[in-house]
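> Dropping in coords_38.cif, with mmCIF, C-alpha atoms and all ligand atoms.
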```cif
data_protein
loop_
_atom_site.group_PDB
_atom_site.id
_atom_site.type_symbol
_atom_site.label_atom_id
_atom_site.label_comp_id
_atom_site.auth_asym_id
_atom_site.auth_seq_id
_atom_site.Cartn_x
_atom_site.Cartn_y
_atom_site.Cartn_z
ATOM 1 C CA MET A 728 -22.838 20.898 24.104
ATOM 2 C CA ILE A 729 -19.672 22.745 23.015
ATOM 3 C CA ILE A 730 -16.132 21.371 23.007
ATOM 4 C CA LYS A 731 -12.918 22.972 21.765
ATOM 5 C CA ILE A 732 -10.794 21.257 19.148
ATOM 6 C CA ASP A 733 -7.489 22.981 18.350
ATOM 7 C CA GLY A 734 -8.985 26.144 19.847
ATOM 8 C CA LYS A 735 -12.106 26.026 17.671
ATOM 9 C CA GLU A 736 -15.503 25.826 19.373
ATOM 10 C CA CYS A 737 -17.452 22.851 18.018
ATOM 11 C CA ILE A 738 -21.092 22.118 18.741
ATOM 12 C CA CYS A 739 -21.805 18.429 19.303
ATOM 13 C CA GLU A 740 -24.239 15.915 20.726
ATOM 14 C CA LYS A 741 -23.354 13.817 23.740
ATOM 15 C CA GLY A 742 -21.996 10.458 22.637
ATOM 16 C CA GLU A 743 -20.665 11.580 19.238
ATOM 17 C CA THR A 744 -17.102 10.504 18.596
ATOM 18 C CA LEU A 745 -14.324 13.059 18.534
ATOM 19 C CA LEU A 746 -13.389 12.106 14.973
ATOM 20 C CA THR A 747 -16.944 12.721 13.728
ATOM 21 C CA ILE A 748 -17.064 16.120 15.420
ATOM 22 C CA ALA A 749 -13.626 17.126 14.107
ATOM 23 C CA ARG A 750 -14.482 16.125 10.528
ATOM 24 C CA ARG A 751 -17.794 17.958 10.616
ATOM 25 C CA ASN A 752 -15.881 21.073 11.646
ATOM 26 C CA GLY A 753 -13.240 20.746 8.948
ATOM 27 C CA ILE A 754 -10.471 19.700 11.353
ATOM 28 C CA PHE A 755 -8.148 17.078 9.892
ATOM 29 C CA ILE A 756 -7.191 14.012 11.912
ATOM 30 C CA PRO A 757 -5.289 11.318 9.984
ATOM 31 C CA THR A 758 -6.827 7.831 9.783
ATOM 32 C CA LEU A 759 -6.237 4.589 7.949
ATOM 33 C CA CYS A 760 -8.859 2.199 9.256
ATOM 34 C CA HIS A 761 -11.775 4.630 9.316
ATOM 35 C CA HIS A 762 -14.201 4.813 6.416
ATOM 36 C CA ASP A 763 -17.364 6.907 6.269
ATOM 37 C CA SER A 764 -19.337 3.952 4.898
ATOM 38 C CA GLN A 765 -18.796 2.098 8.187
ATOM 39 C CA GLU A 766 -20.838 3.468 11.069
ATOM 40 C CA GLU A 767 -18.480 2.560 13.880
ATOM 41 C CA GLY A 768 -14.789 3.270 14.180
ATOM 42 C CA MET A 769 -12.401 0.361 14.633
ATOM 43 C CA GLY A 770 -9.487 1.927 16.499
ATOM 44 C CA ALA A 771 -7.183 -0.508 14.749
ATOM 45 C CA CYS A 772 -4.540 1.755 13.216
ATOM 46 C CA ARG A 773 -4.403 4.219 16.184
ATOM 47 C CA LEU A 774 -3.357 7.051 13.857
ATOM 48 C CA CYS A 775 -6.311 9.180 14.928
ATOM 49 C CA ILE A 776 -5.028 9.633 18.494
ATOM 50 C CA VAL A 777 -5.579 13.078 20.018
ATOM 51 C CA GLU A 778 -4.834 14.648 23.383
ATOM 52 C CA ILE A 779 -7.788 15.650 25.547
ATOM 53 C CA ASN A 780 -7.908 17.905 28.567
ATOM 54 C CA GLU A 781 -10.800 17.123 30.879
ATOM 55 C CA ARG A 782 -10.941 19.461 33.875
ATOM 56 C CA GLY A 783 -7.150 19.772 33.895
ATOM 57 C CA ARG A 784 -6.483 16.054 33.407
ATOM 58 C CA LYS A 785 -4.712 15.294 30.133
ATOM 59 C CA SER A 786 -4.859 11.960 28.361
ATOM 60 C CA VAL A 787 -4.390 10.466 24.896
ATOM 61 C CA VAL A 788 -7.462 8.853 23.314
ATOM 62 C CA VAL A 789 -8.334 7.229 20.004
ATOM 63 C CA SER A 790 -10.655 9.781 18.418
ATOM 64 C CA CYS A 791 -12.674 7.370 16.229
ATOM 65 C CA LEU A 792 -13.759 5.467 19.343
ATOM 66 C CA TYR A 793 -13.923 8.227 21.953
ATOM 67 C CA PRO A 794 -17.488 9.368 22.731
ATOM 68 C CA VAL A 795 -17.725 12.932 23.996
ATOM 69 C CA ASN A 796 -19.659 13.210 27.244
ATOM 70 C CA SER A 797 -18.302 16.419 28.782
ATOM 71 C CA GLU A 798 -16.937 19.794 27.713
ATOM 72 C CA ILE A 799 -13.355 18.846 26.948
ATOM 73 C CA GLU A 800 -10.529 20.598 25.109
ATOM 74 C CA VAL A 801 -8.816 18.638 22.382
ATOM 75 C CA GLU A 802 -5.466 18.971 20.639
ATOM 76 C CA THR A 803 -5.092 16.965 17.456
ATOM 77 C CA ASN A 804 -1.456 17.756 16.853
ATOM 78 C CA SER A 805 0.269 18.483 20.183
ATOM 79 C CA GLU A 806 3.937 17.679 20.631
ATOM 80 C CA LYS A 807 3.054 14.458 22.454
ATOM 81 C CA ILE A 808 0.597 13.429 19.726
ATOM 82 C CA GLY A 809 3.133 14.215 17.004
ATOM 83 C CA ARG A 810 5.718 12.016 18.745
ATOM 84 C CA GLU A 811 3.326 9.113 19.333
ATOM 85 C CA ARG A 812 1.819 9.343 15.841
ATOM 86 C CA ARG A 813 5.298 9.157 14.287
ATOM 87 C CA MET A 814 6.002 6.041 16.359
ATOM 88 C CA ILE A 815 2.714 4.443 15.244
ATOM 89 C CA LEU A 816 3.525 5.258 11.622
ATOM 90 C CA ALA A 817 7.000 3.779 11.987
ATOM 91 C CA LEU A 818 5.406 0.569 13.278
ATOM 92 C CA LEU A 819 2.851 0.532 10.449
ATOM 93 C CA ALA A 820 5.638 1.132 7.917
ATOM 94 C CA SER A 821 7.542 -1.875 9.228
ATOM 95 C CA ARG A 822 4.358 -3.998 9.139
ATOM 96 C CA ALA A 823 3.571 -2.912 5.569
ATOM 97 C CA PRO A 824 6.784 -1.645 3.943
ATOM 98 C CA GLU A 825 5.369 -2.032 0.424
ATOM 99 C CA SER A 826 2.416 0.314 0.956
ATOM 100 C CA ALA A 827 3.017 3.464 -1.099
ATOM 101 C CA TYR A 828 0.348 5.285 0.903
ATOM 102 C CA ILE A 829 2.029 4.606 4.239
ATOM 103 C CA GLN A 830 5.367 5.654 2.774
ATOM 104 C CA LYS A 831 3.727 8.906 1.690
ATOM 105 C CA MET A 832 2.355 9.480 5.192
ATOM 106 C CA CYS A 833 5.772 8.742 6.694
ATOM 107 C CA ARG A 834 7.329 11.380 4.455
ATOM 108 C CA PHE A 835 4.605 13.890 5.341
ATOM 109 C CA TYR A 836 5.013 13.356 9.096
ATOM 110 C CA LYS A 837 8.826 13.065 8.829
ATOM 111 C CA VAL A 838 8.893 9.632 10.416
ATOM 112 C CA PRO A 839 12.420 8.364 11.103
ATOM 113 C CA GLN A 840 13.423 4.804 10.208
ATOM 114 C CA ILE A 841 13.634 2.760 13.389
ATOM 115 C CA GLU A 842 16.057 -0.118 12.855
ATOM 116 C CA ARG A 843 14.798 -2.274 15.743
ATOM 117 C CA PHE A 844 11.364 -2.640 14.075
ATOM 118 C CA ILE A 845 11.502 -5.765 11.945
ATOM 119 C CA LYS A 846 10.074 -5.280 8.459
ATOM 120 C CA VAL A 847 7.560 -7.780 7.099
ATOM 121 C CA ASP A 848 9.028 -8.086 3.598
ATOM 122 C CA GLY A 849 6.670 -7.638 0.671
ATOM 123 C CA GLU A 850 3.695 -6.704 2.863
ATOM 124 C CA LYS A 851 1.138 -3.963 2.205
ATOM 125 C CA CYS A 852 -1.521 -4.942 4.751
ATOM 126 C CA VAL A 853 -1.613 -3.333 8.210
ATOM 127 C CA MET A 854 -4.273 -5.761 9.467
ATOM 128 C CA CYS A 855 -6.824 -3.030 10.169
ATOM 129 C CA GLY A 856 -9.634 -5.427 9.242
ATOM 130 C CA LEU A 857 -11.626 -2.826 7.308
ATOM 131 C CA CYS A 858 -11.915 -5.156 4.285
ATOM 132 C CA ALA A 859 -13.374 -8.011 6.338
ATOM 133 C CA LYS A 860 -15.766 -5.583 8.024
ATOM 134 C CA ALA A 861 -16.919 -4.241 4.646
ATOM 135 C CA CYS A 862 -17.460 -7.759 3.328
ATOM 136 C CA ALA A 863 -19.372 -8.735 6.493
ATOM 137 C CA SER A 864 -21.512 -5.600 6.225
ATOM 138 C CA LEU A 865 -22.600 -6.852 2.776
ATOM 139 C CA SER A 866 -23.664 -10.052 4.601
ATOM 140 C CA VAL A 867 -21.159 -12.041 2.536
ATOM 141 C CA GLY A 868 -18.339 -12.704 4.997
ATOM 142 C CA ALA A 869 -15.971 -14.266 2.461
ATOM 143 C CA ILE A 870 -12.784 -13.074 4.201
ATOM 144 C CA SER A 871 -11.575 -12.922 7.795
ATOM 145 C CA THR A 872 -8.482 -12.779 9.969
ATOM 146 C CA VAL A 873 -6.521 -16.031 10.118
ATOM 147 C CA ASN A 874 -3.415 -17.117 12.074
ATOM 148 C CA ARG A 875 -1.782 -15.226 14.937
ATOM 149 C CA GLY A 876 1.203 -12.989 15.629
ATOM 150 C CA ILE A 877 3.470 -12.228 12.705
ATOM 151 C CA THR A 878 1.642 -14.714 10.446
ATOM 152 C CA LYS A 879 -1.737 -13.058 11.059
ATOM 153 C CA MET A 880 -3.407 -12.161 7.765
ATOM 154 C CA ILE A 881 -6.703 -11.574 6.019
ATOM 155 C CA SER A 882 -7.718 -14.491 3.874
ATOM 156 C CA THR A 883 -10.497 -16.625 2.502
ATOM 157 C CA PRO A 884 -10.979 -19.929 4.415
ATOM 158 C CA TYR A 885 -7.777 -22.013 3.971
ATOM 159 C CA GLY A 886 -6.617 -19.487 1.345
ATOM 160 C CA ASP A 887 -8.810 -21.209 -1.250
ATOM 161 C CA PRO A 888 -11.054 -19.388 -3.749
ATOM 162 C CA SER A 889 -14.171 -18.592 -1.722
ATOM 163 C CA SER A 890 -17.484 -20.198 -2.617
ATOM 164 C CA VAL A 891 -19.407 -17.193 -1.263
ATOM 165 C CA CYS A 892 -17.328 -14.282 -2.634
ATOM 166 C CA ILE A 893 -19.300 -12.428 -5.316
ATOM 167 C CA GLY A 894 -16.292 -10.514 -6.663
ATOM 168 C CA CYS A 895 -17.811 -7.114 -5.911
ATOM 169 C CA GLY A 896 -14.386 -5.619 -5.133
ATOM 170 C CA SER A 897 -15.653 -3.640 -2.104
ATOM 171 C CA CYS A 898 -12.832 -5.033 0.037
ATOM 172 C CA ALA A 899 -10.186 -3.835 -2.436
ATOM 173 C CA LYS A 900 -11.822 -0.418 -2.812
ATOM 174 C CA ILE A 901 -12.018 0.208 0.929
ATOM 175 C CA CYS A 902 -8.501 -1.036 1.758
ATOM 176 C CA PRO A 903 -6.500 2.050 2.815
ATOM 177 C CA THR A 904 -3.112 0.630 1.870
ATOM 178 C CA GLY A 905 -3.838 -0.964 -1.510
ATOM 179 C CA ALA A 906 -3.114 -4.418 -0.129
ATOM 180 C CA ILE A 907 -5.818 -6.403 -1.933
ATOM 181 C CA GLU A 908 -5.005 -7.382 -5.480
ATOM 182 C CA LEU A 909 -7.826 -6.970 -7.970
ATOM 183 C CA THR A 910 -7.096 -7.410 -11.662
ATOM 184 C CA GLU A 911 -9.574 -6.782 -14.398
ATOM 185 C CA ASP A 912 -9.838 -6.793 -18.174
ATOM 186 C CA ASP A 913 -12.902 -6.129 -20.311
ATOM 187 C CA GLN A 914 -14.371 -9.579 -19.673
ATOM 188 C CA THR A 915 -13.166 -10.817 -16.275
ATOM 189 C CA ARG A 916 -12.222 -9.705 -12.748
ATOM 190 C CA THR A 917 -9.903 -11.703 -10.506
ATOM 191 C CA ILE A 918 -9.794 -11.255 -6.747
ATOM 192 C CA TRP A 919 -8.861 -13.589 -3.861
ATOM 193 C CA GLY A 920 -7.755 -16.220 -6.399
ATOM 194 C CA LYS A 921 -11.133 -16.433 -8.120
ATOM 195 C CA THR A 922 -11.995 -15.181 -11.598
ATOM 196 C CA PHE A 923 -15.458 -13.786 -12.320
ATOM 197 C CA ASP A 924 -17.176 -12.997 -15.621
ATOM 198 C CA LEU A 925 -18.001 -9.329 -15.969
ATOM 199 C CA VAL A 926 -21.435 -8.266 -17.185
ATOM 200 C CA HIS A 927 -21.924 -5.297 -19.511
ATOM 201 C CA CYS A 928 -24.863 -2.916 -19.651
ATOM 202 C CA GLU A 929 -27.355 -4.109 -22.282
ATOM 203 C CA ARG A 930 -27.713 -0.580 -23.658
ATOM 204 C CA CYS A 931 -24.363 1.194 -23.482
ATOM 205 C CA GLY A 932 -21.942 -1.704 -22.912
ATOM 206 C CA ALA A 933 -20.340 -0.295 -19.729
ATOM 207 C CA VAL A 934 -19.144 -2.852 -17.164
ATOM 208 C CA ILE A 935 -21.783 -3.146 -14.422
ATOM 209 C CA GLY A 936 -20.250 -5.817 -12.204
ATOM 210 C CA THR A 937 -19.737 -9.531 -11.902
ATOM 211 C CA ARG A 938 -22.558 -11.932 -12.738
ATOM 212 C CA GLN A 939 -22.659 -13.134 -9.119
ATOM 213 C CA GLN A 940 -22.831 -9.545 -7.831
ATOM 214 C CA ILE A 941 -25.811 -8.704 -10.050
ATOM 215 C CA GLU A 942 -27.612 -11.953 -9.275
ATOM 216 C CA GLU A 943 -27.068 -11.429 -5.545
ATOM 217 C CA ALA A 944 -28.471 -7.876 -5.734
ATOM 218 C CA ALA A 945 -31.518 -9.232 -7.574
ATOM 219 C CA ARG A 946 -31.996 -12.014 -5.026
ATOM 220 C CA ARG A 947 -31.894 -9.539 -2.137
ATOM 221 C CA SER A 948 -34.357 -7.155 -3.724
ATOM 222 C CA ASP A 949 -36.580 -10.055 -4.802
ATOM 223 C CA ASN A 950 -36.454 -8.908 -8.429
ATOM 224 C CA GLU A 951 -35.164 -10.264 -11.712
ATOM 225 C CA PRO A 952 -31.504 -9.336 -12.435
ATOM 226 C CA ASP A 953 -31.236 -5.923 -14.094
ATOM 227 C CA TYR A 954 -28.555 -5.693 -16.761
ATOM 228 C CA LEU A 955 -28.494 -1.914 -17.103
ATOM 229 C CA CYS A 956 -25.927 0.520 -15.680
ATOM 230 C CA ASP A 957 -27.121 3.285 -13.320
ATOM 231 C CA ASP A 958 -27.279 5.935 -16.074
ATOM 232 C CA CYS A 959 -29.243 3.742 -18.491
ATOM 233 C CA ARG A 960 -31.569 2.642 -15.678
ATOM 234 C CA LYS A 961 -32.308 6.298 -14.875
ATOM 235 C CA GLU A 962 -32.975 6.983 -18.566
ATOM 236 C CA ARG A 963 -35.322 4.009 -18.758
ATOM 237 C CA MET A 964 -37.144 5.237 -15.651
ATOM 238 C CA ALA A 965 -37.454 8.736 -17.124
ATOM 239 C CA LYS A 966 -38.892 7.275 -20.331
ATOM 240 C CA VAL A 967 -41.430 5.197 -18.409
ATOM 241 C CA MET A 968 -42.491 8.327 -16.482
ATOM 242 C CA ALA A 969 -42.718 10.336 -19.718
ATOM 243 C CA ASP A 970 -44.825 7.656 -21.440
ATOM 244 C CA THR A 971 -47.056 7.312 -18.390
ATOM 245 C CA TYR A 972 -47.671 11.019 -17.857
ATOM 246 C CA GLY A 973 -47.368 12.120 -21.476
ATOM 247 C CA PHE A 974 -44.497 14.622 -21.386
ATOM 248 C CA ASP A 975 -41.359 14.932 -23.535
ATOM 249 C CA ILE A 976 -37.891 14.130 -22.268
HETATM 250 S S1 LIG B 1001 -14.898 -9.131 -3.455
HETATM 251 FE FE1 LIG B 1001 -15.482 -10.942 -2.250
HETATM 252 S S2 LIG B 1001 -14.273 -10.772 -0.377
HETATM 253 FE FE2 LIG B 1001 -14.250 -8.726 -1.335
HETATM 254 S S3 LIG B 1001 -15.996 -7.630 -0.393
HETATM 255 FE FE3 LIG B 1001 -16.765 -8.549 -2.296
HETATM 256 S S4 LIG B 1001 -17.606 -10.515 -1.643
HETATM 257 FE FE4 LIG B 1001 -16.278 -9.816 0.052
#
```
What would the structure in this file look like if it were written as structure tokens?
Ligand code: SF4

Amino acid sequence: MIIKIDGKECICEKGETLLTIARRNGIFIPTLCHHDSQEEGMGACRLCIVEINERGRKSVVVSCLYPVNSEIEVETNSEKIGRERRMILALLASRAPESAYIQKMCRFYKVPQIERFIKVDGEKCVMCGLCAKACASLSVGAISTVNRGITKMISTPYGDPSSVCIGCGSCAKICPTGAIELTEDDQTRTIWGKTFDLVHCERCGAVIGTRQQIEEAARRSDNEPDYLCDDCRKERMAKVMADTYGFDI
């Protein structure tokens, strides 16, 4: 099937989302809550809205959730989309005024300050939920959405240090607005109010993760914990192969 995005013909399969098709064809659509590591879109930030024209009928859809089922024409940056995207960004900026990334996007899209939007002072989180989804996809589920309305937030149960968090830092890495605080020195990592010991590679001394993270990986693969970094593990594997098959490395 062929659809047109910003005038460019794009080949696609039925059911693929518009965002996937656009990205594959090098067409930029801004997103906050989408991450390639997560199979499904969330449609939480709404920044990826686009305008579609289906047999003369125009509508605005959220591209990360919209499955293509007919030969539509798409505009990613029409006047209407530009106007609505600026409004969405203004709302996100008032929800998370401390996020440097959102401020950068606001400058790029020339978003005006809208006085009637009440700012949530000191906030960086836009409540997209990507962090909780990432944690759940690791089958940990240490964080989730709590409260409602303006007090809605992502937290561990009761805001206490979580008994199940392994300190992997995936939630902080995937957060699009830098809202999750992770501090680290050579020996420890602190996240969600809990401090973890860091483990170093037995051969080169590089940090390879928290003790809980390594033990959990070992438990899932039904192996003993491996205290080597990726590079040293590859070297060890190469040496085993060389010894086994008698060639030099
Ligand atoms: S650091 Fe904790 S809360 Fe964050 S993804 Fe890892 S296990 Fe989940």
> For ligand LIG 1001 (chain B), collect every residue having any atom at a distance of at most 6 Å from a ligand atom (counting only C-alpha atoms and all ligand atoms); output as a compact mmCIF listing (two decimals) with C-alpha atoms, in the coordinates of the input.

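Okay, pocket-v3.txt is ready:
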```
# COMPACT_ATOMS: atom_id res chain seq x y z
CA CYS A 862 -17.46 -7.76 3.33
CA VAL A 867 -21.16 -12.04 2.54
CA ALA A 869 -15.97 -14.27 2.46
CA ILE A 870 -12.78 -13.07 4.20
CA CYS A 892 -17.33 -14.28 -2.63
CA ILE A 893 -19.30 -12.43 -5.32
CA GLY A 894 -16.29 -10.51 -6.66
CA CYS A 895 -17.81 -7.11 -5.91
CA GLY A 896 -14.39 -5.62 -5.13
CA SER A 897 -15.65 -3.64 -2.10
CA CYS A 898 -12.83 -5.03 0.04
```
> Name the residues that the PyMOL selection byres (((chain A and resi 952) around 10) and not hetatm) pulls out of this structure, and write them as a short mmCIF file (atom, residue, chain, number, x, y, z; two decimals) with C-alpha atoms, keeping the file's coordinate frame.

```cif
data_model
loop_
_atom_site.label_atom_id
_atom_site.label_comp_id
_atom_site.auth_asym_id
_atom_site.auth_seq_id
_atom_site.Cartn_x
_atom_site.Cartn_y
_atom_site.Cartn_z
CA ARG A 938 -22.56 -11.93 -12.74
CA GLN A 940 -22.83 -9.54 -7.83
CA ILE A 941 -25.81 -8.70 -10.05
CA GLU A 942 -27.61 -11.95 -9.28
CA GLU A 943 -27.07 -11.43 -5.54
CA ALA A 944 -28.47 -7.88 -5.73
CA ALA A 945 -31.52 -9.23 -7.57
CA ARG A 946 -32.00 -12.01 -5.03
CA SER A 948 -34.36 -7.16 -3.72
CA ASP A 949 -36.58 -10.06 -4.80
CA ASN A 950 -36.45 -8.91 -8.43
CA GLU A 951 -35.16 -10.26 -11.71
CA ASP A 953 -31.24 -5.92 -14.09
CA TYR A 954 -28.56 -5.69 -16.76
CA LEU A 955 -28.49 -1.91 -17.10
#
```
> Would you mind telling me which residue in A:Ile738, A:Ala820, A:Val873, A:Met728 lies nearest to Glu842 in chain A when using only C-alpha atoms?
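Smallest separation from Glu842 in chain A among the options: A:Ala820.
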> Please measure the separation of CA of Glu778 in chain A and CA of Glu802 in chain A, giving the value in Å to one decimal.
5.2 Å
> For this structure, which residues satisfy the selection - the PyMOL selection byres (((chain A and resi 733) around 8) and not hetatm) - when it is evaluated on the file as given? I want them as a list in words.
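Output of the PyMOL selection byres (((chain A and resi 733) around 8) and not hetatm): Lys731, Ile732, Gly734, Lys735, Glu800, Val801, Glu802 and Thr803 of chain A.
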> Evaluate the PyMOL selection byres (((chain A and resi 775) around 10) and not hetatm) here and jot the selected residues down as a list of chain:residue names.
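Going through the file, the PyMOL selection byres (((chain A and resi 775) around 10) and not hetatm) ends up selecting A:Leu745, A:Leu746, A:Phe755, A:Ile756, A:Pro757, A:Thr758, A:Leu759, A:Cys760, A:His761, A:Gly770, A:Ala771, A:Cys772, A:Arg773, A:Leu774, A:Ile776, A:Val777, A:Val788, A:Val789, A:Ser790, A:Cys791, A:Leu792, A:Thr803, A:Ile808, A:Arg812.
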> Extract, using all atoms listed in the file, all DNA, RNA and protein residues at most 6 Å from range 793-795 of chain A, discarding same-chain residues fewer than 5 positions from it, and format them as an mmCIF file with C-alpha atoms, in the frame of the given file.

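Output file result_7.cif is given in full below:
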```cif
data_model
loop_
_atom_site.group_PDB
_atom_site.id
_atom_site.type_symbol
_atom_site.label_atom_id
_atom_site.label_comp_id
_atom_site.auth_asym_id
_atom_site.auth_seq_id
_atom_site.Cartn_x
_atom_site.Cartn_y
_atom_site.Cartn_z
ATOM 1 C CA LYS A 741 -23.354 13.817 23.740
ATOM 2 C CA GLY A 742 -21.996 10.458 22.637
ATOM 3 C CA GLU A 743 -20.665 11.580 19.238
ATOM 4 C CA THR A 744 -17.102 10.504 18.596
ATOM 5 C CA LEU A 745 -14.324 13.059 18.534
#
```
> So, counting all atoms listed in the file, which residue among A:Leu857, A:Ala823, A:Asp970, A:Ser805 is closest to Lys900 in chain A?
A:Leu857
> Using all atoms listed in the file, can you tell me which of A:Ile730, A:Cys737, A:Ile918, A:Ala965 comes closest to Gly886 in chain A?
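For Gly886 in chain A, the nearest of the candidates is A:Ile918.
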> In Å, with one decimal, what is the gap from CA of Phe844 in chain A to CA of Ala906 in chain A?
20.4 Å
> Around all of range 813-827 of chain A's listed atoms, make the axis-aligned box with 5 Å on each side and tell me centre and edge lengths in Å to one decimal, as AutoDock Vina command-line options.

```
--center_x 5.0 --center_y 2.6 --center_z 7.6 --size_x 15.1 --size_y 23.2 --size_z 27.5
```
> Would you mind reading off the distance between CA of Val891 in chain A and CA of Thr937 in chain A, one decimal, in Å?
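Separation of CA of Val891 in chain A and CA of Thr937 in chain A: 13.1 Å.
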> Find the residues around Gly849 in chain A up to 10 Å (only C-alpha atoms counted), leave out those fewer than 6 positions away in its own chain, and share them as a ChimeraX atom specification.
/A:822-826
> Since fewer atoms than expected are present, regenerate N, CA and C atoms for range 814-834 of chain A and write them as a PDB file, in the coordinates of the input.

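As written to disk, selection_19.pdb reads:
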```pdb
ATOM      1  N   MET A 814       5.633   7.399  15.929  1.00  0.00           N
ATOM      2  CA  MET A 814       6.002   6.041  16.359  1.00  0.00           C
ATOM      3  C   MET A 814       5.026   5.003  15.773  1.00  0.00           C
ATOM      4  N   ILE A 815       3.725   5.353  15.809  1.00  0.00           N
ATOM      5  CA  ILE A 815       2.714   4.443  15.244  1.00  0.00           C
ATOM      6  C   ILE A 815       2.971   4.250  13.751  1.00  0.00           C
ATOM      7  N   LEU A 816       3.270   5.363  13.061  1.00  0.00           N
ATOM      8  CA  LEU A 816       3.525   5.258  11.622  1.00  0.00           C
ATOM      9  C   LEU A 816       4.773   4.424  11.328  1.00  0.00           C
ATOM     10  N   ALA A 817       5.779   4.574  12.188  1.00  0.00           N
ATOM     11  CA  ALA A 817       7.000   3.779  11.987  1.00  0.00           C
ATOM     12  C   ALA A 817       6.675   2.291  12.134  1.00  0.00           C
ATOM     13  N   LEU A 818       5.810   1.967  13.089  1.00  0.00           N
ATOM     14  CA  LEU A 818       5.406   0.569  13.278  1.00  0.00           C
ATOM     15  C   LEU A 818       4.595   0.072  12.071  1.00  0.00           C
ATOM     16  N   LEU A 819       3.671   0.923  11.607  1.00  0.00           N
ATOM     17  CA  LEU A 819       2.851   0.532  10.449  1.00  0.00           C
ATOM     18  C   LEU A 819       3.728   0.351   9.215  1.00  0.00           C
ATOM     19  N   ALA A 820       4.740   1.217   9.083  1.00  0.00           N
ATOM     20  CA  ALA A 820       5.638   1.132   7.917  1.00  0.00           C
ATOM     21  C   ALA A 820       6.473  -0.142   7.966  1.00  0.00           C
ATOM     22  N   SER A 821       6.773  -0.628   9.162  1.00  0.00           N
ATOM     23  CA  SER A 821       7.542  -1.875   9.228  1.00  0.00           C
ATOM     24  C   SER A 821       6.613  -3.077   9.013  1.00  0.00           C
ATOM     25  N   ARG A 822       5.329  -2.912   9.374  1.00  0.00           N
ATOM     26  CA  ARG A 822       4.358  -3.998   9.139  1.00  0.00           C
ATOM     27  C   ARG A 822       4.012  -4.102   7.651  1.00  0.00           C
ATOM     28  N   ALA A 823       3.984  -2.931   6.977  1.00  0.00           N
ATOM     29  CA  ALA A 823       3.571  -2.912   5.569  1.00  0.00           C
ATOM     30  C   ALA A 823       4.522  -2.050   4.750  1.00  0.00           C
ATOM     31  N   PRO A 824       5.783  -2.495   4.622  1.00  0.00           N
ATOM     32  CA  PRO A 824       6.784  -1.645   3.943  1.00  0.00           C
ATOM     33  C   PRO A 824       6.497  -1.392   2.471  1.00  0.00           C
ATOM     34  N   GLU A 825       5.640  -2.214   1.858  1.00  0.00           N
ATOM     35  CA  GLU A 825       5.369  -2.032   0.424  1.00  0.00           C
ATOM     36  C   GLU A 825       4.217  -1.077   0.146  1.00  0.00           C
ATOM     37  N   SER A 826       3.556  -0.567   1.194  1.00  0.00           N
ATOM     38  CA  SER A 826       2.416   0.314   0.956  1.00  0.00           C
ATOM     39  C   SER A 826       2.893   1.726   0.597  1.00  0.00           C
ATOM     40  N   ALA A 827       2.596   2.131  -0.641  1.00  0.00           N
ATOM     41  CA  ALA A 827       3.017   3.464  -1.099  1.00  0.00           C
ATOM     42  C   ALA A 827       2.327   4.544  -0.266  1.00  0.00           C
ATOM     43  N   TYR A 828       1.088   4.273   0.147  1.00  0.00           N
ATOM     44  CA  TYR A 828       0.348   5.285   0.903  1.00  0.00           C
ATOM     45  C   TYR A 828       0.984   5.517   2.277  1.00  0.00           C
ATOM     46  N   ILE A 829       1.382   4.444   2.923  1.00  0.00           N
ATOM     47  CA  ILE A 829       2.029   4.606   4.239  1.00  0.00           C
ATOM     48  C   ILE A 829       3.381   5.300   4.083  1.00  0.00           C
ATOM     49  N   GLN A 830       4.088   4.970   3.022  1.00  0.00           N
ATOM     50  CA  GLN A 830       5.367   5.654   2.774  1.00  0.00           C
ATOM     51  C   GLN A 830       5.153   7.158   2.601  1.00  0.00           C
ATOM     52  N   LYS A 831       4.042   7.496   1.914  1.00  0.00           N
ATOM     53  CA  LYS A 831       3.727   8.906   1.690  1.00  0.00           C
ATOM     54  C   LYS A 831       3.434   9.592   3.031  1.00  0.00           C
ATOM     55  N   MET A 832       2.665   8.905   3.876  1.00  0.00           N
ATOM     56  CA  MET A 832       2.355   9.480   5.192  1.00  0.00           C
ATOM     57  C   MET A 832       3.621   9.648   6.025  1.00  0.00           C
ATOM     58  N   CYS A 833       4.510   8.671   5.934  1.00  0.00           N
ATOM     59  CA  CYS A 833       5.772   8.742   6.694  1.00  0.00           C
ATOM     60  C   CYS A 833       6.591   9.962   6.260  1.00  0.00           C
ATOM     61  N   ARG A 834       6.581  10.209   4.940  1.00  0.00           N
ATOM     62  CA  ARG A 834       7.329  11.380   4.455  1.00  0.00           C
ATOM     63  C   ARG A 834       6.675  12.659   4.964  1.00  0.00           C
TER      64      ARG A 834
END
```
